[in-house]
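K.L.:
upload_29.cif is reproduced below (mmCIF, C-alpha atoms).
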data_input
loop_
_atom_site.label_atom_id
_atom_site.label_comp_id
_atom_site.auth_asym_id
_atom_site.auth_seq_id
_atom_site.Cartn_x
_atom_site.Cartn_y
_atom_site.Cartn_z
CA MET J 1 0.00 0.00 0.00
CA PRO J 2 1.41 3.45 -0.92
CA GLN J 3 2.77 5.72 1.76
CA THR J 4 0.49 8.30 3.32
CA THR J 5 0.37 11.66 1.58
CA THR J 6 2.03 14.45 3.54
CA PRO J 7 0.61 17.98 3.80
CA THR J 8 3.76 19.34 2.09
CA ALA J 9 3.13 17.43 -1.15
CA ARG J 10 2.57 19.68 -4.11
CA PRO J 11 -1.06 19.97 -5.24
CA LEU J 12 -0.50 18.39 -8.65
CA GLN J 13 1.42 15.53 -7.07
CA ARG J 14 -1.66 14.58 -5.09
CA TYR J 15 -3.60 13.95 -8.29
CA ALA J 16 -0.66 12.32 -10.08
CA ARG J 17 -0.30 9.96 -7.14
CA LEU J 18 -3.86 8.71 -7.61
CA PHE J 19 -2.82 7.05 -10.85
CA ALA J 20 0.42 5.48 -9.60
CA LEU J 21 -1.24 2.09 -9.09
CA PRO J 22 -1.66 -0.22 -12.13
CA GLY J 23 -5.08 -0.12 -13.74
CA THR J 24 -6.20 3.20 -12.26
CA ARG J 25 -5.77 5.15 -15.51
CA ALA J 26 -7.67 2.56 -17.52
CA PHE J 27 -10.66 2.34 -15.16
CA THR J 28 -10.78 6.14 -14.89
CA ALA J 29 -10.78 6.49 -18.68
CA GLY J 30 -13.59 3.96 -18.99
CA ASN J 31 -15.55 5.64 -16.23
CA LEU J 32 -15.27 9.09 -17.81
CA ILE J 33 -16.40 7.74 -21.18
CA ALA J 34 -19.38 6.03 -19.53
CA ARG J 35 -20.23 9.04 -17.38
CA LEU J 36 -20.33 11.64 -20.17
CA PRO J 37 -23.67 10.31 -21.55
CA MET J 38 -25.30 10.94 -18.15
CA GLY J 39 -25.41 14.61 -19.14
CA MET J 40 -26.52 13.79 -22.69
CA PHE J 41 -29.51 11.47 -22.42
CA SER J 42 -32.16 13.78 -20.95
CA VAL J 43 -31.31 16.68 -23.26
CA SER J 44 -31.24 14.35 -26.27
CA ALA J 45 -34.59 12.83 -25.29
CA VAL J 46 -36.25 16.23 -24.93
CA ILE J 47 -34.96 17.45 -28.30
CA MET J 48 -35.82 14.19 -30.03
CA ILE J 49 -39.35 13.78 -28.59
CA ALA J 50 -40.33 17.44 -28.80
CA GLY J 51 -39.20 17.58 -32.43
CA ALA J 52 -41.10 14.45 -33.44
CA TYR J 53 -44.27 14.89 -31.38
CA GLY J 54 -44.37 18.69 -31.08
CA SER J 55 -44.85 18.53 -27.31
CA TYR J 56 -42.39 19.61 -24.65
CA ALA J 57 -44.91 18.44 -22.06
CA LEU J 58 -44.63 14.88 -23.38
CA ALA J 59 -40.84 15.14 -23.53
CA GLY J 60 -40.70 16.36 -19.94
CA ALA J 61 -43.08 13.66 -18.74
CA VAL J 62 -41.02 10.91 -20.38
CA THR J 63 -37.74 12.12 -18.87
CA ALA J 64 -39.42 12.55 -15.46
CA THR J 65 -40.66 8.95 -15.68
CA GLY J 66 -37.12 7.79 -16.36
CA LEU J 67 -35.86 9.76 -13.35
CA ALA J 68 -38.52 8.24 -11.10
CA ALA J 69 -37.77 4.73 -12.36
CA THR J 70 -34.06 5.28 -11.75
CA ALA J 71 -34.73 6.41 -8.18
CA VAL J 72 -36.53 3.11 -7.54
CA VAL J 73 -34.27 0.70 -9.45
CA ALA J 74 -30.78 2.17 -8.89
CA PRO J 75 -30.40 1.14 -5.21
CA PHE J 76 -31.32 -2.45 -6.08
CA THR J 77 -28.80 -2.47 -8.94
CA ALA J 78 -26.16 -1.15 -6.55
CA ARG J 79 -27.05 -3.85 -4.02
CA LEU J 80 -26.45 -6.50 -6.70
CA VAL J 81 -23.09 -4.85 -7.49
CA ASP J 82 -22.08 -5.12 -3.82
CA ARG J 83 -23.21 -8.74 -3.65
CA TYR J 84 -21.86 -10.12 -6.94
CA GLY J 85 -19.19 -7.66 -8.06
CA GLN J 86 -19.02 -4.66 -10.38
CA ALA J 87 -18.19 -6.44 -13.64
CA ARG J 88 -20.77 -9.22 -13.26
CA VAL J 89 -23.63 -6.77 -12.72
CA ALA J 90 -22.63 -3.53 -14.45
CA VAL J 91 -22.21 -5.02 -17.92
CA PRO J 92 -25.62 -6.75 -18.24
CA ALA J 93 -27.35 -3.83 -16.48
CA THR J 94 -25.77 -1.43 -18.98
CA LEU J 95 -26.83 -3.56 -21.94
CA VAL J 96 -30.45 -3.51 -20.72
CA ALA J 97 -30.30 0.28 -20.32
CA ALA J 98 -28.74 0.65 -23.78
CA LEU J 99 -31.51 -1.49 -25.26
CA GLY J 100 -34.05 0.84 -23.62
CA GLN J 101 -32.38 3.90 -25.16
CA LEU J 102 -32.26 2.32 -28.63
CA THR J 103 -35.88 1.16 -28.35
CA MET J 104 -37.04 4.66 -27.43
CA MET J 105 -35.04 6.08 -30.33
CA ALA J 106 -36.72 3.63 -32.71
CA CYS J 107 -40.17 4.43 -31.29
CA VAL J 108 -39.61 8.14 -31.82
CA HIS J 109 -38.32 7.55 -35.34
CA VAL J 110 -41.46 5.65 -36.39
CA HIS J 111 -43.70 7.96 -34.32
CA ALA J 112 -45.02 5.11 -32.16
CA PRO J 113 -47.78 5.71 -29.56
CA ALA J 114 -46.68 7.85 -26.62
CA TRP J 115 -46.98 5.04 -24.08
CA THR J 116 -44.14 3.17 -25.81
CA LEU J 117 -41.79 6.07 -25.04
CA PHE J 118 -42.57 5.83 -21.33
CA ALA J 119 -42.03 2.05 -21.31
CA ALA J 120 -38.76 2.25 -23.24
CA TYR J 121 -37.31 5.08 -21.16
CA ALA J 122 -38.26 3.36 -17.92
CA ALA J 123 -36.11 0.40 -19.03
CA THR J 124 -33.04 2.65 -18.94
CA ALA J 125 -33.31 2.76 -15.13
CA THR J 126 -30.96 -0.24 -14.87
CA MET J 127 -28.06 2.02 -15.83
CA PRO J 128 -25.41 1.50 -13.12
CA ASN J 129 -23.99 4.33 -11.04
CA THR J 130 -20.54 4.44 -12.63
CA GLY J 131 -19.45 7.37 -10.46
CA GLY J 132 -20.29 5.40 -7.32
CA MET J 133 -18.42 2.34 -8.57
CA SER J 134 -15.38 4.47 -9.32
CA ARG J 135 -15.46 6.00 -5.82
CA ALA J 136 -15.74 2.49 -4.37
CA ARG J 137 -12.56 1.51 -6.23
CA TRP J 138 -10.64 4.48 -4.88
CA ALA J 139 -11.89 3.76 -1.35
CA HIS J 140 -10.70 0.16 -1.68
CA LEU J 141 -7.31 0.94 -3.25
CA TYR J 142 -6.45 3.65 -0.70
CA ARG J 143 -8.36 2.25 2.28
CA ASP J 144 -5.36 2.94 4.57
CA ASP J 145 -4.77 6.46 3.23
CA PRO J 146 -7.66 8.83 4.07
CA ALA J 147 -5.86 11.84 2.60
CA THR J 148 -5.64 10.22 -0.83
CA VAL J 149 -9.28 9.09 -0.63
CA HIS J 150 -10.15 12.75 0.01
CA THR J 151 -8.26 13.73 -3.16
CA ALA J 152 -9.96 10.92 -5.12
CA ASN J 153 -13.42 12.05 -4.00
CA ALA J 154 -12.60 15.60 -5.09
CA PHE J 155 -11.41 14.33 -8.47
CA GLU J 156 -14.62 12.33 -8.94
CA GLN J 157 -16.78 15.33 -8.06
CA ALA J 158 -14.88 17.51 -10.52
CA ALA J 159 -15.40 14.79 -13.15
CA ASP J 160 -19.14 14.84 -12.42
CA GLU J 161 -19.28 18.59 -12.94
CA LEU J 162 -17.23 18.38 -16.14
CA CYS J 163 -19.44 15.65 -17.64
CA PHE J 164 -22.67 17.46 -16.77
CA MET J 165 -21.19 20.64 -18.22
CA LEU J 166 -20.05 19.09 -21.53
CA GLY J 167 -22.76 16.44 -21.97
CA PRO J 168 -25.72 18.74 -22.71
CA VAL J 169 -23.62 20.87 -25.06
CA LEU J 170 -22.46 17.81 -27.01
CA ALA J 171 -25.99 16.37 -27.14
CA ALA J 172 -27.53 19.61 -28.42
CA PHE J 173 -24.80 19.96 -31.06
CA LEU J 174 -25.19 16.40 -32.34
CA CYS J 175 -28.98 16.62 -32.52
CA ALA J 176 -28.84 19.92 -34.39
CA ALA J 177 -25.88 19.21 -36.69
CA LEU J 178 -26.68 15.60 -37.64
CA PHE J 179 -30.18 14.25 -36.92
CA PRO J 180 -32.51 14.32 -33.87
CA GLU J 181 -31.58 10.81 -32.73
CA ALA J 182 -27.81 11.45 -32.94
CA GLY J 183 -27.44 12.49 -29.29
CA THR J 184 -29.13 9.37 -27.95
CA LEU J 185 -27.26 7.08 -30.35
CA THR J 186 -23.86 8.57 -29.54
CA GLY J 187 -24.56 8.52 -25.81
CA THR J 188 -25.55 4.86 -25.93
CA VAL J 189 -22.37 3.88 -27.79
CA LEU J 190 -20.22 5.83 -25.31
CA LEU J 191 -22.04 4.29 -22.34
CA VAL J 192 -21.54 0.69 -23.48
CA ALA J 193 -17.92 1.24 -24.55
CA GLY J 194 -17.05 3.01 -21.31
CA VAL J 195 -18.61 0.40 -19.03
CA LEU J 196 -16.94 -2.45 -20.95
CA LEU J 197 -13.54 -0.76 -20.55
CA PHE J 198 -14.24 0.00 -16.89
CA ALA J 199 -15.39 -3.54 -16.08
CA ALA J 200 -12.37 -5.06 -17.84
CA GLN J 201 -10.06 -3.63 -15.16
CA ARG J 202 -10.57 -6.48 -12.73
CA GLY J 203 -7.35 -5.78 -10.81
CA THR J 204 -8.77 -2.61 -9.25
CA GLU J 205 -12.27 -3.95 -8.60
CA PRO J 206 -13.19 -4.15 -4.88
CA PRO J 207 -13.63 -7.74 -3.72
CA VAL J 208 -17.10 -8.92 -2.84
CA THR J 209 -17.61 -8.96 0.92
CA PRO J 210 -19.56 -12.04 2.06
CA ARG J 211 -22.77 -11.22 3.89
CA THR J 212 -22.65 -12.51 7.45
CA GLY J 213 -26.25 -11.75 8.37
CA ARG J 214 -25.09 -9.26 10.99
CA GLY J 215 -25.80 -5.56 10.83
CA PRO J 216 -28.44 -3.75 8.77
CA ARG J 217 -29.59 -5.28 5.52
CA THR J 218 -29.52 -1.89 3.84
CA PRO J 219 -27.49 1.28 4.56
CA LEU J 220 -30.82 3.06 5.08
CA ARG J 221 -30.97 1.44 8.51
CA THR J 222 -27.50 2.58 9.50
CA PRO J 223 -27.63 5.21 12.27
CA GLY J 224 -27.04 8.65 10.81
CA MET J 225 -27.65 7.66 7.18
CA PRO J 226 -31.32 8.77 6.89
CA ALA J 227 -30.45 12.20 8.28
CA LEU J 228 -27.52 12.52 5.85
CA LEU J 229 -29.74 11.50 2.92
CA ALA J 230 -32.18 14.24 3.95
CA VAL J 231 -29.30 16.71 3.62
CA PHE J 232 -28.54 15.34 0.14
CA LEU J 233 -32.22 15.71 -0.76
CA ALA J 234 -32.23 19.40 0.21
CA THR J 235 -28.91 19.94 -1.56
CA GLY J 236 -30.35 18.42 -4.73
CA ALA J 237 -33.18 20.95 -4.53
CA VAL J 238 -30.54 23.69 -4.74
CA PHE J 239 -29.27 22.34 -8.06
CA GLY J 240 -32.69 21.63 -9.57
CA SER J 241 -34.18 25.00 -8.69
CA MET J 242 -31.10 26.98 -9.73
CA GLU J 243 -31.18 25.41 -13.19
CA VAL J 244 -34.85 26.08 -13.98
CA VAL J 245 -34.81 29.58 -12.46
CA THR J 246 -31.72 30.60 -14.43
CA LEU J 247 -33.20 29.24 -17.67
CA ALA J 248 -36.31 31.33 -17.04
CA PHE J 249 -34.39 34.46 -16.04
CA VAL J 250 -31.97 34.43 -18.98
CA ASP J 251 -34.54 33.04 -21.48
CA GLY J 252 -32.24 32.83 -24.48
CA PRO J 253 -29.42 30.95 -26.16
CA SER J 254 -26.90 32.25 -23.62
CA ALA J 255 -28.69 30.43 -20.77
CA GLY J 256 -26.63 27.29 -21.29
CA VAL J 257 -23.36 29.21 -21.13
CA VAL J 258 -24.44 31.03 -17.96
CA LEU J 259 -25.45 27.78 -16.31
CA ALA J 260 -22.16 26.17 -17.33
CA LEU J 261 -20.34 28.79 -15.27
CA GLN J 262 -21.86 27.36 -12.10
CA ALA J 263 -20.54 23.90 -13.01
CA ALA J 264 -17.19 25.43 -13.95
CA GLY J 265 -16.93 27.13 -10.54
CA SER J 266 -17.75 23.85 -8.82
CA CYS J 267 -15.22 21.96 -10.94
CA MET J 268 -12.41 24.41 -10.13
CA ALA J 269 -13.27 24.46 -6.44
CA GLY J 270 -13.41 20.66 -6.34
CA LEU J 271 -9.95 20.31 -7.86
CA ALA J 272 -8.55 22.94 -5.49
CA TYR J 273 -10.23 21.27 -2.49
CA GLY J 274 -8.76 17.90 -3.43
CA SER J 275 -5.28 19.31 -3.98
CA MET J 276 -5.10 20.36 -0.33
CA ALA J 277 -4.53 18.08 2.59
CA ALA J 278 -7.73 16.80 4.14
CA PRO J 279 -9.01 19.69 6.29
CA ALA J 280 -8.66 19.39 10.02
CA GLY J 281 -11.67 18.47 12.13
CA GLY J 282 -14.36 15.85 11.72
CA ALA J 283 -16.19 15.33 8.45
CA ARG J 284 -19.50 16.35 10.06
CA ARG J 285 -18.03 19.66 11.16
CA ARG J 286 -16.57 20.22 7.69
CA LEU J 287 -19.96 19.47 6.13
CA LEU J 288 -21.56 22.15 8.30
CA ALA J 289 -18.92 24.66 7.20
CA CYS J 290 -19.43 23.78 3.54
CA LEU J 291 -23.22 24.05 3.81
CA ALA J 292 -22.90 27.41 5.58
CA ALA J 293 -20.67 28.64 2.74
CA MET J 294 -23.14 27.31 0.17
CA THR J 295 -26.03 29.11 1.86
CA ALA J 296 -24.09 32.37 1.90
CA LEU J 297 -22.97 32.08 -1.73
CA MET J 298 -26.45 31.13 -2.97
CA SER J 299 -27.57 34.62 -1.99
CA LEU J 300 -25.33 36.10 -4.70
CA PRO J 301 -27.51 35.13 -7.72
CA LEU J 302 -30.54 36.59 -5.94
CA LEU J 303 -28.69 39.82 -5.24
CA ALA J 304 -27.40 39.99 -8.83
CA ALA J 305 -30.83 39.34 -10.34
CA ALA J 306 -32.78 41.65 -8.02
CA GLY J 307 -30.15 44.35 -7.61
CA THR J 308 -28.77 44.77 -11.11
CA GLY J 309 -30.66 42.53 -13.53
CA SER J 310 -27.37 42.33 -15.42
CA LEU J 311 -26.57 39.09 -17.21
CA LEU J 312 -22.86 39.66 -16.64
CA ALA J 313 -23.41 40.14 -12.89
CA LEU J 314 -25.54 36.99 -12.75
CA ALA J 315 -22.86 35.00 -14.59
CA GLY J 316 -20.23 36.07 -12.06
CA ALA J 317 -22.58 35.31 -9.17
CA LEU J 318 -23.24 31.80 -10.49
CA LEU J 319 -19.51 31.16 -10.93
CA LEU J 320 -18.93 32.09 -7.29
CA ALA J 321 -22.02 30.24 -6.05
CA GLY J 322 -20.85 27.05 -7.72
CA MET J 323 -17.60 27.09 -5.76
CA ALA J 324 -19.33 25.77 -2.65
CA THR J 325 -20.90 22.83 -4.47
CA ALA J 326 -17.98 20.46 -4.94
CA PRO J 327 -16.52 20.81 -1.41
CA THR J 328 -20.00 20.13 -0.01
CA MET J 329 -20.48 17.05 -2.18
CA VAL J 330 -16.96 15.73 -1.52
CA THR J 331 -17.43 16.01 2.24
CA GLY J 332 -20.92 14.52 2.04
CA MET J 333 -19.68 11.52 0.04
CA THR J 334 -16.86 11.05 2.54
CA LEU J 335 -19.47 10.80 5.29
CA VAL J 336 -21.49 8.32 3.23
CA GLN J 337 -18.39 6.14 2.85
CA ARG J 338 -17.75 6.24 6.59
CA LEU J 339 -21.33 5.47 7.57
CA THR J 340 -21.96 2.70 5.05
CA PRO J 341 -21.27 -0.83 6.37
CA ALA J 342 -18.54 -2.87 4.71
CA GLY J 343 -19.74 -4.61 1.58
CA GLN J 344 -22.55 -2.10 0.93
CA LEU J 345 -20.58 0.87 -0.35
CA ASN J 346 -22.06 0.94 -3.87
CA GLU J 347 -25.58 0.84 -2.45
CA GLY J 348 -24.80 3.57 0.07
CA MET J 349 -23.42 5.95 -2.53
CA THR J 350 -26.25 5.16 -4.94
CA LEU J 351 -28.75 6.04 -2.22
CA ALA J 352 -27.00 9.40 -1.88
CA VAL J 353 -27.24 9.97 -5.65
CA THR J 354 -30.90 8.92 -5.57
CA ALA J 355 -31.58 11.46 -2.83
CA LEU J 356 -29.88 14.11 -4.95
CA LEU J 357 -32.02 13.20 -7.96
CA GLY J 358 -35.17 13.39 -5.85
CA GLY J 359 -34.09 16.80 -4.60
CA ILE J 360 -33.35 17.98 -8.13
CA ALA J 361 -36.85 16.98 -9.23
CA ALA J 362 -38.46 18.67 -6.21
CA GLY J 363 -36.33 21.78 -6.66
CA SER J 364 -37.22 22.01 -10.36
CA ALA J 365 -40.93 21.74 -9.57
CA THR J 366 -40.75 24.29 -6.75
CA GLY J 367 -38.67 26.67 -8.82
CA GLY J 368 -41.08 26.38 -11.75
CA TRP J 369 -44.10 27.05 -9.51
CA THR J 370 -42.40 30.11 -8.01
CA ILE J 371 -41.52 31.44 -11.46
CA GLU J 372 -45.15 31.16 -12.57
CA HIS J 373 -46.53 32.88 -9.47
CA ALA J 374 -43.81 35.36 -8.44
CA GLY J 375 -41.40 35.77 -11.36
CA ALA J 376 -37.92 34.51 -12.13
CA THR J 377 -36.12 37.08 -9.97
CA THR J 378 -38.06 36.17 -6.83
CA ALA J 379 -37.62 32.47 -7.65
CA TYR J 380 -33.91 32.78 -6.85
CA THR J 381 -35.05 32.57 -3.23
CA VAL J 382 -35.77 28.86 -3.78
CA PRO J 383 -32.12 27.69 -4.12
CA LEU J 384 -31.17 29.99 -1.24
CA ALA J 385 -33.92 28.53 0.97
CA SER J 386 -32.98 24.98 -0.07
CA ALA J 387 -29.36 25.54 0.93
CA GLY J 388 -30.51 26.96 4.26
CA LEU J 389 -32.73 23.91 4.80
CA ALA J 390 -29.79 21.58 4.11
CA LEU J 391 -27.75 23.47 6.70
CA LEU J 392 -30.55 23.26 9.29
CA LEU J 393 -30.97 19.52 8.69
CA ALA J 394 -27.24 18.97 9.15
CA LEU J 395 -27.26 21.01 12.37
CA ALA J 396 -30.22 19.02 13.70
CA SER J 397 -28.49 15.75 12.82
CA ASN J 398 -25.32 16.75 14.64
CA ARG J 399 -27.25 17.68 17.77
CA ARG J 400 -28.93 14.26 17.82
#
Produce structure tokens that represent the structure in this file.
P.N.:
Amino acid sequence: MPQTTTPTARPLQRYARLFALPGTRAFTAGNLIARLPMGMFSVSAVIMIAGAYGSYALAGAVTATGLAATAVVAPFTARLVDRYGQARVAVPATLVAALGQLTMMACVHVHAPAWTLFAAYAATATMPNTGGMSRARWAHLYRDDPATVHTANAFEQAADELCFMLGPVLAAFLCAALFPEAGTLTGTVLLVAGVLLFAAQRGTEPPVTPRTGRGPRTPLRTPGMPALLAVFLATGAVFGSMEVVTLAFVDGPSAGVVLALQAAGSCMAGLAYGSMAAPAGGARRRLLACLAAMTALMSLPLLAAAGTGSLLALAGALLLAGMATAPTMVTGMTLVQRLTPAGQLNEGMTLAVTALLGGIAAGSATGGWTIEHAGATTAYTVPLASAGLALLLALASNRR
């Protein structure tokens, strides 16, 4: 096992050291290829369905159905990964999800009845949580080196932000430049190729931990986990509401660029956070500090929108607001890893992602309702209030 990272190590050396072990570069490359489509599929589906059926309501309902199905199925897929291994489960689960994407694409192409779109997109819910599997590999490889696990979690969060920043742009370009189904087709090919490459790296795969019958059957029953998932739920509402409110406020082709600045700020902050030694103090205390910073920074878009109405000011505010996102998520995932029982790590992290997705959906709905009834400027109070709620939930959890 590699030696423990010292606080005097140069920032870039911390990231270079992640890939010193054999197989780490290959599984990271596969994971990034597989993760990029996560930011492509929903945008591609909306463009493809709305163009063929002339209804954004139908497109939104289909993608929402897929999100709901994923929230139900993903934890069970992750449980199978923990029980039987990443390669044995991820590959067939990915093939089923790819078949669902291709079926939906074919249904849209022949203008099949609307119910077929819902059925096909629901089948994509078996898509494995590749980000969670990658974090599980880092946690296994550097299980005796918490400082390097901290750097790995920061790297993974930055990768998430990068993929969700580039994925929608790539999908929109492919659908517009080639044909409406091009985004879905390209995303499906990338997903299958990436998972196959990732699963082929058996040397870095965490071993399956035999179930002894002791302890909770699911991480949901682990003390502290439900409260932490509630924090993730509220944090997801920050992301979901910020996206829909900004799209409504900007209302133009520059909306995507403005939103990308928030992801860019998070990506930069995540890389900087991971390049430092793990901050002193417990992870719970660090999470409180990160949530407090997020709450404070989420006031900036509201101030920019209400005080100036300037698009340039809003862009700068979103860049700064995004800088609290990655440190919050890195610290939260670190807590998930510490709370989750041995042999259930994939399920634990998938539950966290599921809570985030649920929060994103709730935040989008709340933000949309507020826009309709109070206007886009006032709706910037929703992400601010969601961040404050996440902070209050974390404080309440710590007191208990």
K.L.:
Between CA of Asp160 in chain J and CA of Cys267 in chain J, what is the distance in Å, rounded to a tenth?
P.N.:
8.3 Å
K.L.:
Starting from the displayed file, determine the output of the PyMOL selection byres ((chain J and resi 29-38) around 10) and express the residue list as a PyMOL selection string.
P.N.:
chain J and resi 24-28+39-44+94+127-131+133-134+156+159-160+162-168+170-171+183-184+186-201
K.L.:
Go through J:Val257, J:Ala269, J:Val91, J:Val244 one by one, measure the shortest atom-to-atom distance of each to Leu312 in chain J using only C-alpha atoms, and give the residue with the smallest value.
P.N.:
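Result for the nearest residue to Leu312 in chain J: J:Val257.
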K.L.:
Show me, as an MDAnalysis selection string, the residues that have an atom within 9 Å of Gly100 in chain J when counting all atoms listed in the file, minus same-chain residues fewer than 5 positions from it.
P.N.:
chainID J and resid 95 105 119:125
K.L.:
The PyMOL selection byres ((chain J and resi 322-326) around 10) on the file shown: which residues, as a PyMOL selection string?
P.N.:
chain J and resi 153-158+160-161+235+238-239+259-274+289-298+317-321+327-332
K.L.:
Keeping only C-alpha atoms, write those residues as an mmCIF file, in the frame of the given file.
P.N.:
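Produced file again-v8.cif, reproduced below:
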data_model
loop_
_atom_site.group_PDB
_atom_site.id
_atom_site.type_symbol
_atom_site.label_atom_id
_atom_site.label_comp_id
_atom_site.auth_asym_id
_atom_site.auth_seq_id
_atom_site.Cartn_x
_atom_site.Cartn_y
_atom_site.Cartn_z
ATOM 1 C CA ASN J 153 -13.420 12.050 -4.000
ATOM 2 C CA ALA J 154 -12.600 15.600 -5.090
ATOM 3 C CA PHE J 155 -11.410 14.330 -8.470
ATOM 4 C CA GLU J 156 -14.620 12.330 -8.940
ATOM 5 C CA GLN J 157 -16.780 15.330 -8.060
ATOM 6 C CA ALA J 158 -14.880 17.510 -10.520
ATOM 7 C CA ASP J 160 -19.140 14.840 -12.420
ATOM 8 C CA GLU J 161 -19.280 18.590 -12.940
ATOM 9 C CA THR J 235 -28.910 19.940 -1.560
ATOM 10 C CA VAL J 238 -30.540 23.690 -4.740
ATOM 11 C CA PHE J 239 -29.270 22.340 -8.060
ATOM 12 C CA LEU J 259 -25.450 27.780 -16.310
ATOM 13 C CA ALA J 260 -22.160 26.170 -17.330
ATOM 14 C CA LEU J 261 -20.340 28.790 -15.270
ATOM 15 C CA GLN J 262 -21.860 27.360 -12.100
ATOM 16 C CA ALA J 263 -20.540 23.900 -13.010
ATOM 17 C CA ALA J 264 -17.190 25.430 -13.950
ATOM 18 C CA GLY J 265 -16.930 27.130 -10.540
ATOM 19 C CA SER J 266 -17.750 23.850 -8.820
ATOM 20 C CA CYS J 267 -15.220 21.960 -10.940
ATOM 21 C CA MET J 268 -12.410 24.410 -10.130
ATOM 22 C CA ALA J 269 -13.270 24.460 -6.440
ATOM 23 C CA GLY J 270 -13.410 20.660 -6.340
ATOM 24 C CA LEU J 271 -9.950 20.310 -7.860
ATOM 25 C CA ALA J 272 -8.550 22.940 -5.490
ATOM 26 C CA TYR J 273 -10.230 21.270 -2.490
ATOM 27 C CA GLY J 274 -8.760 17.900 -3.430
ATOM 28 C CA ALA J 289 -18.920 24.660 7.200
ATOM 29 C CA CYS J 290 -19.430 23.780 3.540
ATOM 30 C CA LEU J 291 -23.220 24.050 3.810
ATOM 31 C CA ALA J 292 -22.900 27.410 5.580
ATOM 32 C CA ALA J 293 -20.670 28.640 2.740
ATOM 33 C CA MET J 294 -23.140 27.310 0.170
ATOM 34 C CA THR J 295 -26.030 29.110 1.860
ATOM 35 C CA ALA J 296 -24.090 32.370 1.900
ATOM 36 C CA LEU J 297 -22.970 32.080 -1.730
ATOM 37 C CA MET J 298 -26.450 31.130 -2.970
ATOM 38 C CA ALA J 317 -22.580 35.310 -9.170
ATOM 39 C CA LEU J 318 -23.240 31.800 -10.490
ATOM 40 C CA LEU J 319 -19.510 31.160 -10.930
ATOM 41 C CA LEU J 320 -18.930 32.090 -7.290
ATOM 42 C CA ALA J 321 -22.020 30.240 -6.050
ATOM 43 C CA PRO J 327 -16.520 20.810 -1.410
ATOM 44 C CA THR J 328 -20.000 20.130 -0.010
ATOM 45 C CA MET J 329 -20.480 17.050 -2.180
ATOM 46 C CA VAL J 330 -16.960 15.730 -1.520
ATOM 47 C CA THR J 331 -17.430 16.010 2.240
ATOM 48 C CA GLY J 332 -20.920 14.520 2.040
#
K.L.:
Quick one: residues within 12 Å of Ala352 in chain J, all atoms listed in the file counted, chain neighbours fewer than 4 positions away excluded, as a PyMOL selection string?
P.N.:
chain J and resi 71+74-75+78+129+131-132+219-220+225-236+329-330+332-337+339-340+345-348+356-359
K.L.:
Using all atoms listed in the file, pick whichever of J:Leu300, J:Gly309, J:Val245, J:Leu67 has the shortest atom-to-atom distance to Glu372 in chain J.
P.N.:
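Among the listed residues, J:Val245 lies closest to Glu372 in chain J.
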K.L.:
Tell me which of J:Ala394, J:Ala355, J:Ala45, J:Ala248 sits closest to Thr370 in chain J, counting only C-alpha atoms.
P.N.:
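Of J:Ala394, J:Ala355, J:Ala45, J:Ala248, the one nearest Thr370 in chain J, counting only C-alpha atoms, is J:Ala248.
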K.L.:
Rounded to one decimal, what separation in Å do you get between CA of Ala64 in chain J and CA of Phe118 in chain J?
P.N.:
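Separating CA of Ala64 in chain J from CA of Phe118 in chain J is a distance of 9.5 Å.
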K.L.:
Report as a list in words all protein, DNA and RNA residues lying within 6 Å of Gly363 in chain J, evaluated on all atoms listed in the file, omitting residues in the same chain fewer than 5 positions from it.
P.N.:
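Counting only the stated atoms, we get Ala237, Gly240 and Ser241 of chain J.
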K.L.:
For the structure provided, state which residues fall under the PyMOL selection byres ((chain J and resi 18) around 9), and present them as a CSV table (one decimal) with C-alpha atoms, keeping the file's coordinate frame.
P.N.:
chain,number,residue,atom,x,y,z
J,13,GLN,CA,1.4,15.5,-7.1
J,14,ARG,CA,-1.7,14.6,-5.1
J,15,TYR,CA,-3.6,14.0,-8.3
J,16,ALA,CA,-0.7,12.3,-10.1
J,17,ARG,CA,-0.3,10.0,-7.1
J,19,PHE,CA,-2.8,7.0,-10.8
J,20,ALA,CA,0.4,5.5,-9.6
J,21,LEU,CA,-1.2,2.1,-9.1
J,24,THR,CA,-6.2,3.2,-12.3
J,25,ARG,CA,-5.8,5.2,-15.5
J,138,TRP,CA,-10.6,4.5,-4.9
J,142,TYR,CA,-6.4,3.6,-0.7
J,148,THR,CA,-5.6,10.2,-0.8
J,149,VAL,CA,-9.3,9.1,-0.6
J,151,THR,CA,-8.3,13.7,-3.2
J,152,ALA,CA,-10.0,10.9,-5.1
K.L.:
Separation of CA of Thr126 in chain J and CA of Cys107 in chain J, in Å?
P.N.:
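Those two atoms sit 19.4 Å apart.
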K.L.:
I'd like the neighbourhood of Val108 in chain J as JSON, numbers by chain, where a residue qualifies if any of its atoms comes within 10 Å (using only C-alpha atoms), though same-chain residues fewer than 5 positions away should be ignored.
P.N.:
{"J": [45, 48, 49, 50, 51, 52, 53, 102, 103, 113, 114, 116, 117, 180, 181]}
K.L.:
Under the rule that only C-alpha atoms are counted, which of J:Pro206, J:Gly224, J:Pro146, J:Gly66 is the nearest residue to Ser397 in chain J?
P.N.:
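Smallest separation from Ser397 in chain J among the options: J:Gly224.
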K.L.:
Considering only C-alpha atoms, state which residue in the set J:Thr65, J:Gly85, J:Ile47, J:Gly307 is at the smallest distance from Ala176 in chain J.
P.N.:
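Of J:Thr65, J:Gly85, J:Ile47, J:Gly307, the one nearest Ala176 in chain J is J:Ile47, counting only C-alpha atoms.
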